[in-house]
>>> print(open('model28.tsv').read())   # TSV, C-alpha atoms
chain	number	residue	atom	x	y	z
A	1	MET	CA	-43.33	53.86	-38.82
A	2	ASN	CA	-43.36	56.12	-35.84
A	3	SER	CA	-43.07	53.38	-33.29
A	4	LYS	CA	-40.28	54.18	-30.89
A	5	THR	CA	-37.54	51.77	-30.15
A	6	ARG	CA	-35.17	51.49	-27.26
A	7	ILE	CA	-32.04	49.48	-26.71
A	8	ILE	CA	-31.76	46.91	-23.97
A	9	GLU	CA	-28.15	46.43	-23.03
A	10	VAL	CA	-27.02	42.85	-22.62
A	11	ARG	CA	-23.67	41.12	-22.66
A	12	GLU	CA	-23.95	37.54	-23.78
A	13	ASN	CA	-21.15	35.48	-25.27
A	14	VAL	CA	-22.50	33.62	-28.30
A	15	PHE	CA	-20.03	30.77	-27.66
A	16	LYS	CA	-21.15	30.62	-24.02
A	17	GLN	CA	-22.61	27.10	-24.19
A	18	ASN	CA	-19.48	25.69	-25.80
A	19	ASP	CA	-17.17	27.58	-23.45
A	20	ILE	CA	-18.99	26.29	-20.36
A	21	VAL	CA	-18.71	22.68	-21.54
A	22	ALA	CA	-15.08	23.16	-22.58
A	23	ARG	CA	-14.16	24.60	-19.20
A	24	ALA	CA	-15.82	21.68	-17.41
A	25	LEU	CA	-13.96	19.24	-19.67
A	26	ARG	CA	-10.63	20.95	-19.01
A	27	GLU	CA	-11.22	20.63	-15.27
A	28	ARG	CA	-12.19	16.97	-15.66
A	29	PHE	CA	-9.06	16.28	-17.72
A	30	ARG	CA	-6.93	18.03	-15.11
A	31	GLU	CA	-8.43	16.07	-12.24
A	32	ALA	CA	-8.02	12.79	-14.12
A	33	GLY	CA	-4.42	13.67	-14.95
A	34	VAL	CA	-4.87	13.12	-18.68
A	35	PHE	CA	-2.99	15.40	-21.06
A	36	VAL	CA	-5.28	16.35	-23.94
A	37	VAL	CA	-3.88	17.36	-27.31
A	38	SER	CA	-6.01	18.41	-30.28
A	39	LEU	CA	-4.98	18.51	-33.93
A	40	VAL	CA	-6.30	20.91	-36.54
A	41	SER	CA	-5.31	21.35	-40.17
A	42	SER	CA	-6.66	21.50	-43.68
A	43	PRO	CA	-7.90	18.21	-45.12
A	44	GLY	CA	-5.00	16.00	-46.16
A	45	ALA	CA	-2.25	17.66	-44.14
A	46	GLY	CA	-1.53	14.39	-42.37
A	47	LYS	CA	-3.38	14.51	-39.04
A	48	THR	CA	-4.35	10.85	-39.12
A	49	ALA	CA	-0.91	9.71	-40.28
A	50	LEU	CA	0.76	11.69	-37.50
A	51	LEU	CA	-1.69	10.37	-34.95
A	52	GLU	CA	-1.26	6.78	-36.09
A	53	LYS	CA	2.49	7.02	-35.66
A	54	THR	CA	2.24	8.94	-32.39
A	55	LEU	CA	-0.18	6.47	-30.82
A	56	THR	CA	1.94	3.51	-31.89
A	57	LEU	CA	5.11	4.98	-30.42
A	58	LEU	CA	3.65	6.50	-27.27
A	59	ARG	CA	1.74	3.38	-26.24
A	60	ARG	CA	5.02	1.67	-25.43
A	61	GLN	CA	5.37	3.92	-22.41
A	62	PHE	CA	2.02	5.61	-21.88
A	63	ARG	CA	-1.67	4.89	-21.80
A	64	VAL	CA	-3.06	6.69	-24.84
A	65	ALA	CA	-6.39	7.06	-26.62
A	66	ALA	CA	-7.89	9.13	-29.42
A	67	LEU	CA	-11.12	10.73	-30.59
A	68	VAL	CA	-11.37	11.50	-34.28
A	69	GLY	CA	-13.80	13.85	-35.94
A	70	ASP	CA	-14.94	13.27	-39.49
A	71	LEU	CA	-17.84	14.50	-41.58
A	72	ALA	CA	-19.00	11.17	-42.87
A	73	THR	CA	-16.72	8.17	-42.58
A	74	GLU	CA	-15.17	5.96	-39.95
A	75	ASN	CA	-12.05	5.41	-42.07
A	76	ASP	CA	-9.80	7.40	-39.75
A	77	ALA	CA	-10.87	5.43	-36.68
A	78	ALA	CA	-10.28	2.20	-38.58
A	79	ARG	CA	-6.78	3.37	-39.50
A	80	LEU	CA	-6.02	4.46	-35.96
A	81	ALA	CA	-7.35	1.23	-34.48
A	82	ARG	CA	-4.33	-0.45	-36.04
A	83	SER	CA	-2.21	1.25	-33.40
A	84	GLN	CA	-4.11	-0.89	-30.85
A	85	VAL	CA	-5.22	1.88	-28.55
A	86	PRO	CA	-8.80	2.92	-27.73
A	87	VAL	CA	-10.15	5.04	-30.58
A	88	LYS	CA	-13.59	6.52	-31.06
A	89	GLN	CA	-14.94	8.20	-34.16
A	90	ILE	CA	-17.08	11.30	-33.89
A	91	ILE	CA	-19.14	11.62	-37.06
A	92	THR	CA	-20.18	15.25	-37.24
A	93	GLY	CA	-22.56	14.88	-40.19
A	94	THR	CA	-22.75	18.27	-41.82
A	95	VAL	CA	-20.97	20.08	-39.01
A	96	CYS	CA	-17.57	21.30	-40.15
A	97	HIS	CA	-15.85	21.27	-36.75
A	98	LEU	CA	-15.90	19.59	-33.37
A	99	GLU	CA	-17.64	21.22	-30.43
A	100	ALA	CA	-17.00	20.64	-26.76
A	101	ALA	CA	-20.37	18.90	-26.29
A	102	MET	CA	-19.47	16.33	-28.99
A	103	VAL	CA	-16.25	15.54	-27.14
A	104	GLU	CA	-18.14	15.27	-23.86
A	105	ARG	CA	-20.68	12.86	-25.34
A	106	SER	CA	-17.97	10.72	-26.91
A	107	LEU	CA	-16.21	10.32	-23.60
A	108	GLU	CA	-19.20	8.72	-21.89
A	109	GLY	CA	-18.11	5.50	-20.29
A	110	TRP	CA	-14.39	6.27	-20.64
A	111	LYS	CA	-12.22	6.07	-17.57
A	112	LEU	CA	-10.13	9.18	-18.06
A	113	ASP	CA	-7.97	8.59	-15.02
A	114	GLU	CA	-6.66	5.46	-16.70
A	115	LEU	CA	-5.18	7.55	-19.52
A	116	ASP	CA	-1.98	9.58	-19.80
A	117	PHE	CA	-2.66	11.12	-23.21
A	118	LEU	CA	-5.86	11.76	-25.11
A	119	PHE	CA	-5.67	13.03	-28.68
A	120	ILE	CA	-8.55	14.74	-30.41
A	121	GLU	CA	-8.38	14.97	-34.19
A	122	ASN	CA	-10.60	17.76	-35.46
A	123	VAL	CA	-12.38	17.78	-38.81
A	124	GLY	CA	-10.03	18.87	-41.60
A	125	ASN	CA	-10.82	22.57	-41.81
A	126	LEU	CA	-8.73	25.68	-41.22
A	127	VAL	CA	-11.63	28.04	-40.52
A	128	CYS	CA	-14.42	26.77	-38.28
A	129	PRO	CA	-12.52	24.86	-35.56
A	130	SER	CA	-10.79	28.05	-34.45
A	131	SER	CA	-13.89	29.33	-32.65
A	132	TYR	CA	-14.46	26.23	-30.52
A	133	ASP	CA	-12.56	25.46	-27.37
A	134	LEU	CA	-12.57	21.69	-26.78
A	135	GLY	CA	-11.03	21.79	-23.33
A	136	GLU	CA	-7.71	20.62	-24.72
A	137	TYR	CA	-4.42	21.52	-23.09
A	138	LEU	CA	-2.47	21.85	-26.28
A	139	ARG	CA	-3.71	22.62	-29.78
A	140	LEU	CA	-1.49	21.60	-32.66
A	141	VAL	CA	-1.94	23.14	-36.08
A	142	LEU	CA	-0.47	21.06	-38.90
A	143	LEU	CA	0.94	22.49	-42.09
A	144	SER	CA	2.21	20.09	-44.74
A	145	VAL	CA	5.08	21.17	-46.96
A	146	THR	CA	2.89	20.62	-50.03
A	147	GLU	CA	0.45	23.33	-48.96
A	148	GLY	CA	2.73	26.29	-49.43
A	149	GLU	CA	4.46	28.60	-47.00
A	150	ASP	CA	1.75	31.24	-46.92
A	151	LYS	CA	-0.99	29.16	-45.25
A	152	PRO	CA	-0.46	30.91	-41.89
A	153	LEU	CA	-1.05	34.30	-43.51
A	154	LYS	CA	-4.18	33.05	-45.25
A	155	TYR	CA	-5.62	31.51	-42.09
A	156	PRO	CA	-4.22	33.63	-39.27
A	157	THR	CA	-7.15	32.96	-36.94
A	158	ILE	CA	-6.59	29.22	-36.66
A	159	PHE	CA	-2.82	29.62	-36.39
A	160	ASN	CA	-3.36	32.21	-33.70
A	161	SER	CA	-5.68	29.87	-31.78
A	162	ALA	CA	-3.07	27.08	-31.76
A	163	ASP	CA	-0.16	26.51	-29.37
A	164	VAL	CA	2.24	24.60	-31.58
A	165	ALA	CA	2.80	24.40	-35.34
A	166	VAL	CA	3.80	21.05	-36.83
A	167	ILE	CA	5.22	21.02	-40.34
A	168	THR	CA	4.43	17.61	-41.84
A	169	LYS	CA	5.56	15.59	-44.87
A	170	ALA	CA	9.09	16.95	-44.51
A	171	ASP	CA	10.34	14.11	-46.72
A	172	LEU	CA	8.67	15.91	-49.64
A	173	ALA	CA	10.17	19.31	-48.83
A	174	GLU	CA	12.84	19.22	-51.49
A	175	ALA	CA	10.56	17.92	-54.22
A	176	VAL	CA	8.07	20.75	-53.71
A	177	GLU	CA	10.80	23.35	-53.02
A	178	PHE	CA	9.39	24.11	-49.60
A	179	ASP	CA	10.96	27.24	-48.15
A	180	ALA	CA	11.23	26.46	-44.42
A	181	LEU	CA	12.53	29.89	-43.51
A	182	THR	CA	9.60	31.68	-45.11
A	183	ALA	CA	7.13	29.24	-43.56
A	184	ASN	CA	8.62	29.80	-40.15
A	185	ARG	CA	8.61	33.56	-40.61
A	186	ASN	CA	4.93	33.45	-41.58
A	187	ILE	CA	4.05	31.30	-38.58
A	188	GLN	CA	5.88	33.68	-36.25
A	189	ALA	CA	4.16	36.66	-37.89
A	190	VAL	CA	0.69	35.43	-36.93
A	191	ARG	CA	1.71	33.81	-33.64
A	192	PRO	CA	4.98	35.18	-32.23
A	193	ASP	CA	7.05	32.63	-30.28
A	194	MET	CA	4.98	29.65	-31.39
A	195	PRO	CA	7.07	26.48	-31.21
A	196	VAL	CA	7.50	24.84	-34.62
A	197	ILE	CA	8.29	21.16	-35.08
A	198	THR	CA	9.15	19.76	-38.49
A	199	LEU	CA	8.69	16.05	-39.08
A	200	SER	CA	7.93	13.26	-41.48
A	201	THR	CA	5.86	10.26	-40.47
A	202	LYS	CA	7.25	8.42	-43.50
A	203	SER	CA	10.96	8.80	-42.75
A	204	SER	CA	10.39	9.31	-39.00
A	205	ALA	CA	12.62	12.41	-39.09
A	206	GLY	CA	11.59	14.73	-36.27
A	207	MET	CA	9.23	12.17	-34.69
A	208	GLN	CA	11.35	11.64	-31.60
A	209	GLN	CA	11.63	15.39	-31.07
A	210	PHE	CA	7.85	15.64	-31.40
A	211	LEU	CA	7.21	12.88	-28.86
A	212	ASP	CA	9.77	14.34	-26.44
A	213	PHE	CA	8.00	17.67	-26.75
A	214	LEU	CA	4.61	16.14	-25.90
A	215	VAL	CA	6.01	14.26	-22.93
A	216	PHE	CA	7.80	17.38	-21.69
A	217	ARG	CA	4.67	19.51	-21.98
A	218	ARG	CA	2.66	16.88	-20.13
A	219	THR	CA	5.17	16.84	-17.28
A	220	LEU	CA	5.12	20.63	-17.17
A	221	ALA	CA	1.31	20.69	-17.08
A	222	ARG	CA	1.23	18.19	-14.21
A	223	GLU	CA	3.70	20.26	-12.21
A	224	VAL	CA	1.67	23.42	-12.76
A	225	SER	CA	-1.54	21.57	-11.92
A	226	ALA	CA	-0.03	20.13	-8.72
A	227	SER	CA	1.07	23.57	-7.56
A	228	GLN	CA	-2.38	25.05	-8.07
A	229	PRO	CA	-5.40	24.61	-5.84
A	230	ALA	CA	-8.41	22.89	-7.38
A	231	ASN	CA	-10.61	25.08	-9.60
A	232	ALA	CA	-7.91	27.72	-9.97
A	233	SER	CA	-7.97	27.34	-13.73
A	234	ALA	CA	-11.74	27.65	-13.87
A	235	ALA	CA	-11.79	30.75	-11.71
A	236	SER	CA	-9.15	32.62	-13.68
A	237	ASP	CA	-11.27	33.30	-16.74
B	1	MET	CA	-19.40	27.34	-42.93
B	2	HIS	CA	-20.39	27.35	-39.29
B	3	GLU	CA	-22.15	30.70	-39.42
B	4	LEU	CA	-25.63	29.18	-39.59
B	5	SER	CA	-25.28	27.38	-36.27
B	6	ILE	CA	-23.82	30.56	-34.78
B	7	ALA	CA	-26.73	32.59	-36.16
B	8	MET	CA	-29.12	30.10	-34.58
B	9	SER	CA	-27.36	30.54	-31.23
B	10	ILE	CA	-27.75	34.30	-31.56
B	11	VAL	CA	-31.48	33.98	-32.30
B	12	GLU	CA	-31.89	31.61	-29.37
B	13	LEU	CA	-29.98	33.92	-27.07
B	14	ALA	CA	-32.03	36.96	-28.12
B	15	GLN	CA	-35.22	34.96	-27.71
B	16	GLU	CA	-34.28	34.01	-24.15
B	17	GLU	CA	-33.58	37.64	-23.30
B	18	SER	CA	-36.90	38.65	-24.81
B	19	ASP	CA	-38.78	35.97	-22.84
B	20	ARG	CA	-37.09	37.14	-19.66
B	21	ARG	CA	-38.52	40.58	-20.32
B	22	GLY	CA	-42.06	39.46	-20.93
B	23	GLY	CA	-41.76	38.71	-24.61
B	24	VAL	CA	-40.80	42.11	-26.01
B	25	GLN	CA	-40.68	42.36	-29.81
B	26	ILE	CA	-37.07	42.50	-30.99
B	27	LYS	CA	-36.38	44.78	-33.94
B	28	ALA	CA	-32.64	44.30	-34.03
B	29	VAL	CA	-29.82	42.45	-32.34
B	30	HIS	CA	-26.56	44.29	-31.80
B	31	LEU	CA	-23.49	42.13	-32.02
B	32	ARG	CA	-19.78	42.74	-31.41
B	33	LEU	CA	-17.74	40.58	-33.74
B	34	GLY	CA	-14.02	40.27	-33.08
B	35	LEU	CA	-11.83	40.02	-36.15
B	36	LEU	CA	-10.22	36.93	-34.63
B	37	SER	CA	-13.49	35.21	-33.72
B	38	GLY	CA	-13.31	32.97	-36.76
B	39	VAL	CA	-16.71	34.22	-37.90
B	40	VAL	CA	-17.27	36.01	-41.20
B	41	LYS	CA	-19.63	38.98	-41.06
B	42	GLU	CA	-21.20	38.56	-44.51
B	43	ALA	CA	-21.84	34.85	-44.02
B	44	LEU	CA	-23.32	35.53	-40.61
B	45	LEU	CA	-25.68	38.20	-41.94
B	46	SER	CA	-27.18	35.92	-44.58
B	47	SER	CA	-27.34	33.03	-42.11
B	48	TYR	CA	-29.11	35.26	-39.61
B	49	GLU	CA	-32.03	35.83	-41.95
B	50	MET	CA	-32.40	32.08	-42.39
B	51	ALA	CA	-32.11	31.43	-38.67
B	52	CYS	CA	-34.87	33.96	-37.95
B	53	GLU	CA	-37.41	32.31	-40.24
B	54	ASP	CA	-40.48	31.03	-38.40
B	55	THR	CA	-39.28	32.49	-35.11
B	56	PRO	CA	-40.55	35.59	-33.30
B	57	LEU	CA	-37.40	37.32	-34.58
B	58	GLN	CA	-38.42	37.00	-38.22
B	59	GLY	CA	-37.85	40.34	-39.95
B	60	SER	CA	-35.40	41.59	-37.32
B	61	ARG	CA	-31.99	43.00	-38.21
B	62	LEU	CA	-28.56	41.90	-37.09
B	63	GLN	CA	-26.36	44.91	-36.53
B	64	VAL	CA	-22.73	43.91	-36.48
B	65	GLU	CA	-19.97	46.02	-35.05
B	66	GLU	CA	-16.59	44.65	-36.03
B	67	VAL	CA	-14.11	44.80	-33.19
B	68	PRO	CA	-10.44	45.34	-34.03
B	69	VAL	CA	-7.70	43.17	-32.56
B	70	LEU	CA	-5.88	44.71	-29.61
B	71	ILE	CA	-2.69	43.29	-28.22
B	72	PHE	CA	-0.81	44.02	-25.03
B	73	CYS	CA	2.58	45.49	-25.83
B	74	ARG	CA	5.06	44.98	-23.01
B	75	LYS	CA	7.42	47.56	-24.42
B	76	CYS	CA	4.76	50.28	-24.62
B	77	ASP	CA	3.09	48.84	-21.49
B	78	ALA	CA	-0.30	49.41	-23.10
B	79	GLN	CA	-3.15	47.80	-25.00
B	80	LEU	CA	-2.72	48.82	-28.62
B	81	PRO	CA	-4.05	47.80	-32.03
B	82	VAL	CA	-2.24	44.94	-33.73
B	83	HIS	CA	-0.31	45.87	-36.88
B	84	SER	CA	-2.50	43.44	-38.86
B	85	THR	CA	-3.83	39.92	-38.45
B	86	GLN	CA	-1.01	38.86	-40.78
B	87	MET	CA	1.57	40.54	-38.56
B	88	PHE	CA	1.09	40.20	-34.83
B	89	CYS	CA	3.16	43.06	-33.62
B	90	CYS	CA	2.49	46.36	-31.88
B	91	SER	CA	1.25	48.96	-34.36
B	92	VAL	CA	3.18	51.66	-32.48
B	93	CYS	CA	6.63	50.21	-31.81
B	94	GLY	CA	6.64	47.03	-33.90
B	95	THR	CA	7.44	44.61	-31.06
B	96	PRO	CA	6.06	41.14	-31.90
B	97	THR	CA	3.46	39.89	-29.44
B	98	GLY	CA	0.92	37.10	-29.23
B	99	GLU	CA	-0.92	38.56	-26.25
B	100	VAL	CA	-4.34	39.22	-27.70
B	101	VAL	CA	-6.56	41.20	-25.31
B	102	GLN	CA	-9.45	41.90	-27.67
B	103	GLY	CA	-10.70	40.56	-30.98
B	104	LYS	CA	-11.74	36.97	-30.24
B	105	GLU	CA	-15.16	37.84	-28.91
B	106	LEU	CA	-18.60	37.30	-30.34
B	107	LEU	CA	-20.97	39.12	-28.03
B	108	VAL	CA	-24.60	40.08	-28.14
B	109	VAL	CA	-24.46	43.55	-26.59
B	110	GLY	CA	-27.89	45.01	-27.21
B	111	LEU	CA	-31.44	44.33	-28.27
B	112	GLU	CA	-33.47	46.96	-30.06
B	113	VAL	CA	-37.08	46.60	-28.94
B	114	GLU	CA	-40.40	48.39	-29.43
B	115	GLU	CA	-41.28	50.85	-26.67
>>> encode(input="model28.tsv", output="structure tokens")
Amino acid sequence: MNSKTRIIEVRENVFKQNDIVARALRERFREAGVFVVSLVSSPGAGKTALLEKTLTLLRRQFRVAALVGDLATENDAARLARSQVPVKQIITGTVCHLEAAMVERSLEGWKLDELDFLFIENVGNLVCPSSYDLGEYLRLVLLSVTEGEDKPLKYPTIFNSADVAVITKADLAEAVEFDALTANRNIQAVRPDMPVITLSTKSSAGMQQFLDFLVFRRTLAREVSASQPANASAASD
Amino acid sequence: MHELSIAMSIVELAQEESDRRGGVQIKAVHLRLGLLSGVVKEALLSSYEMACEDTPLQGSRLQVEEVPVLIFCRKCDAQLPVHSTQMFCCSVCGTPTGEVVQGKELLVVGLEVEE
């Protein structure tokens, strides 16, 4: 056991492949002028319900489409197809999250410049999706009132990776004695200044505020994009 | 559980580096794992062994250095450790901040090879 060893210094990002694809996607989305929003949450927090409602309402004014990730079924895509917008299911098999390359493959043949909004629903999982950039402009993390106020503290990484928190199933808040103040405090603890939107797809409370927020952020992104030279976003990181 | 696919990426990455250097035998891979990378050290270590099976890296070690989360505190005008991952504020002055400057990375930083 006297063989000598030496250390070769390297510096390689393990997520390099995903990050390269995600960056290229982000640039493609920017050039096409499509605002891309992804949704992450635990299973059953209401991603598909929120998306169904959002697609139905937004399509009155905008050109919208969705990609939905699922481990095994096409049920979500079937549900979303009812909103009469282009929807594509990404079946991940045993993979517990979406990766940028899956998004890229699913977009083959899509004319992105004919879209205003593209939604990407991740696999229901609060752990794995946090490591994978999908090239989205805005990442929403959903928290349903039935899950308890301490979810952000239990899964700080995913909350930290998101841009906006959406509290769903607000119509059940009273029944489950949801403490909105504590939930908000916990969200702010793991992601200071994160915008929080509370809504119910059942009663529609908060839906208009949510849609206004998306439209506003899209306008903002287009203004920023217009004021920047091409490739500026790719060169900055 | 996405650690297995990550472990496979690490093995692949190390293998490429080894090939680039004329196929040196790798004894260990040194990894920097940020506490906000979304990757769990223990799960990664057991996945690594599996990922190495039937590859030239079989029997090699994965040496993980956990990297703490640093934030930029505007009040202190410095990069400082975060209070905790449950409380994103400056550990010195307590000012809340979401500006993470370190802790999301997963980097292969070194390969231990036979002389």
>>> axis_aligned_box(input="model28.tsv", around="segment 77-93 of chain B", padding_each_side="6 Å", output="JSON")
{"center_x": 1.3, "center_y": 45.3, "center_z": -31.1, "size_x": 22.7, "size_y": 24.8, "size_z": 31.3}
>>> closest_residue(input="model28.tsv", among="A:Ile158, A:Ala221, A:Ala81, A:Leu211", to="chain B", atoms="all atoms listed in the file")
A:Ile158
>>> residues_around(input="model28.tsv", residues="segment 98-113 of chain B", least_positions_apart="4", cutoff="7 Å", atoms="all atoms listed in the file", output="number ranges by chain")
A: 5-14, 191-192; B: 24-37, 67-72, 88
>>> residues_near_point(input="model28.tsv", point="(-15.1, 15.6, -41.1)", cutoff="10 Å", atoms="all atoms listed in the file", output="JSON, numbers by chain")
{"A": [43, 68, 69, 70, 71, 72, 73, 74, 76, 90, 91, 92, 93, 94, 95, 96, 97, 98, 121, 122, 123, 124, 125]}
>>> residues_around(input="model28.tsv", residues="Cys52 of chain B", least_positions_apart="5", cutoff="8 Å", atoms="only C-alpha atoms", output="list in words")
Met8, Val11, Leu57, Gln58, Gly59 and Ser60 of chain B
>>> closest_residue(input="model28.tsv", among="B:Lys75, B:Glu12, B:Arg20, B:His2", to="Val40 of chain B", atoms="only C-alpha atoms")
B:His2
>>> closest_residue(input="model28.tsv", among="B:Ala78, B:Ala43, B:Ile10, B:Ala51", to="chain A", atoms="only C-alpha atoms")
B:Ile10
>>> closest_residue(input="model28.tsv", among="B:Thr95, B:Ser9, B:Gln63, B:Thr55", to="chain A", atoms="only C-alpha atoms")
B:Ser9
>>> closest_residue(input="model28.tsv", among="A:Leu153, A:Val166, A:Ala173, A:Ala205", to="chain B", atoms="only C-alpha atoms")
A:Leu153
>>> residues_around(input="model28.tsv", residues="Thr146 of chain A", least_positions_apart="3", cutoff="10 Å", atoms="only C-alpha atoms", output="list in words")
Gly44, Ala45, Leu143, Glu149, Ile167, Thr168, Lys169, Ala170, Leu172, Ala173, Ala175, Val176, Glu177 and Phe178 of chain A
>>> atom_distance(input="model28.tsv", atom1="atom CA of Val87 of chain A", atom2="atom CA of Val37 of chain A")
14.2 Å
>>> closest_residue(input="model28.tsv", among="A:Leu134, A:Val164, A:Ala65, A:Val141", to="Leu39 of chain A", atoms="only C-alpha atoms")
A:Val141
>>> atom_distance(input="model28.tsv", atom1="atom CA of Arg60 of chain A", atom2="atom CA of Leu214 of chain A")
14.5 Å
>>> atom_distance(input="model28.tsv", atom1="atom CA of Leu140 of chain A", atom2="atom CA of Asp163 of chain A")
6.1 Å
>>> residues_around(input="model28.tsv", residues="Ser91 of chain B", least_positions_apart="2", cutoff="10 Å", atoms="only C-alpha atoms", output="list of chain:residue names")
B:Leu70, B:Ile71, B:Cys73, B:Leu80, B:Pro81, B:Val82, B:His83, B:Ser84, B:Met87, B:Phe88, B:Cys89, B:Cys93, B:Gly94, B:Thr95, B:Pro96
>>> build_atoms(input="model28.tsv", residues="segment 202-224 of chain A", atoms="N, CA and C atoms", output="PDB file, keeping the file's coordinate frame")
ATOM      1  N   LYS A 202       6.753   9.451 -42.581  1.00  0.00           N
ATOM      2  CA  LYS A 202       7.250   8.420 -43.500  1.00  0.00           C
ATOM      3  C   LYS A 202       8.704   8.048 -43.170  1.00  0.00           C
ATOM      4  N   SER A 203       9.553   9.080 -43.033  1.00  0.00           N
ATOM      5  CA  SER A 203      10.960   8.800 -42.750  1.00  0.00           C
ATOM      6  C   SER A 203      11.249   8.773 -41.258  1.00  0.00           C
ATOM      7  N   SER A 204      10.264   9.209 -40.464  1.00  0.00           N
ATOM      8  CA  SER A 204      10.390   9.310 -39.000  1.00  0.00           C
ATOM      9  C   SER A 204      11.279  10.472 -38.546  1.00  0.00           C
ATOM     10  N   ALA A 205      11.815  11.241 -39.477  1.00  0.00           N
ATOM     11  CA  ALA A 205      12.620  12.410 -39.090  1.00  0.00           C
ATOM     12  C   ALA A 205      11.761  13.355 -38.254  1.00  0.00           C
ATOM     13  N   GLY A 206      12.301  13.778 -37.123  1.00  0.00           N
ATOM     14  CA  GLY A 206      11.590  14.730 -36.270  1.00  0.00           C
ATOM     15  C   GLY A 206      10.565  14.105 -35.344  1.00  0.00           C
ATOM     16  N   MET A 207      10.270  12.803 -35.512  1.00  0.00           N
ATOM     17  CA  MET A 207       9.230  12.170 -34.690  1.00  0.00           C
ATOM     18  C   MET A 207       9.637  12.113 -33.220  1.00  0.00           C
ATOM     19  N   GLN A 208      10.908  11.754 -32.988  1.00  0.00           N
ATOM     20  CA  GLN A 208      11.350  11.640 -31.600  1.00  0.00           C
ATOM     21  C   GLN A 208      11.276  12.997 -30.900  1.00  0.00           C
ATOM     22  N   GLN A 209      11.681  14.037 -31.627  1.00  0.00           N
ATOM     23  CA  GLN A 209      11.630  15.390 -31.070  1.00  0.00           C
ATOM     24  C   GLN A 209      10.185  15.757 -30.729  1.00  0.00           C
ATOM     25  N   PHE A 210       9.275  15.364 -31.605  1.00  0.00           N
ATOM     26  CA  PHE A 210       7.850  15.640 -31.400  1.00  0.00           C
ATOM     27  C   PHE A 210       7.331  14.918 -30.147  1.00  0.00           C
ATOM     28  N   LEU A 211       7.677  13.653 -30.016  1.00  0.00           N
ATOM     29  CA  LEU A 211       7.210  12.880 -28.860  1.00  0.00           C
ATOM     30  C   LEU A 211       7.815  13.433 -27.559  1.00  0.00           C
ATOM     31  N   ASP A 212       9.107  13.769 -27.623  1.00  0.00           N
ATOM     32  CA  ASP A 212       9.770  14.340 -26.440  1.00  0.00           C
ATOM     33  C   ASP A 212       9.066  15.629 -26.020  1.00  0.00           C
ATOM     34  N   PHE A 213       8.684  16.411 -27.024  1.00  0.00           N
ATOM     35  CA  PHE A 213       8.000  17.670 -26.750  1.00  0.00           C
ATOM     36  C   PHE A 213       6.677  17.415 -26.032  1.00  0.00           C
ATOM     37  N   LEU A 214       5.911  16.454 -26.519  1.00  0.00           N
ATOM     38  CA  LEU A 214       4.610  16.140 -25.900  1.00  0.00           C
ATOM     39  C   LEU A 214       4.786  15.674 -24.455  1.00  0.00           C
ATOM     40  N   VAL A 215       5.776  14.806 -24.268  1.00  0.00           N
ATOM     41  CA  VAL A 215       6.010  14.260 -22.930  1.00  0.00           C
ATOM     42  C   VAL A 215       6.452  15.380 -21.985  1.00  0.00           C
ATOM     43  N   PHE A 216       7.318  16.254 -22.505  1.00  0.00           N
ATOM     44  CA  PHE A 216       7.800  17.380 -21.690  1.00  0.00           C
ATOM     45  C   PHE A 216       6.651  18.295 -21.303  1.00  0.00           C
ATOM     46  N   ARG A 217       5.794  18.612 -22.274  1.00  0.00           N
ATOM     47  CA  ARG A 217       4.670  19.510 -21.980  1.00  0.00           C
ATOM     48  C   ARG A 217       3.684  18.877 -21.006  1.00  0.00           C
ATOM     49  N   ARG A 218       3.551  17.567 -21.070  1.00  0.00           N
ATOM     50  CA  ARG A 218       2.660  16.880 -20.130  1.00  0.00           C
ATOM     51  C   ARG A 218       3.217  16.977 -18.712  1.00  0.00           C
ATOM     52  N   THR A 219       4.527  16.746 -18.593  1.00  0.00           N
ATOM     53  CA  THR A 219       5.170  16.840 -17.280  1.00  0.00           C
ATOM     54  C   THR A 219       5.007  18.241 -16.710  1.00  0.00           C
ATOM     55  N   LEU A 220       5.228  19.223 -17.574  1.00  0.00           N
ATOM     56  CA  LEU A 220       5.120  20.630 -17.170  1.00  0.00           C
ATOM     57  C   LEU A 220       3.694  20.926 -16.680  1.00  0.00           C
ATOM     58  N   ALA A 221       2.714  20.439 -17.421  1.00  0.00           N
ATOM     59  CA  ALA A 221       1.310  20.690 -17.080  1.00  0.00           C
ATOM     60  C   ALA A 221       0.966  20.055 -15.732  1.00  0.00           C
ATOM     61  N   ARG A 222       1.516  18.873 -15.481  1.00  0.00           N
ATOM     62  CA  ARG A 222       1.230  18.190 -14.210  1.00  0.00           C
ATOM     63  C   ARG A 222       1.852  18.929 -13.037  1.00  0.00           C
ATOM     64  N   GLU A 223       3.048  19.497 -13.279  1.00  0.00           N
ATOM     65  CA  GLU A 223       3.700  20.260 -12.210  1.00  0.00           C
ATOM     66  C   GLU A 223       2.906  21.515 -11.891  1.00  0.00           C
ATOM     67  N   VAL A 224       2.456  22.193 -12.946  1.00  0.00           N
ATOM     68  CA  VAL A 224       1.670  23.420 -12.760  1.00  0.00           C
ATOM     69  C   VAL A 224       0.368  23.080 -12.042  1.00  0.00           C
TER      70      VAL A 224
END
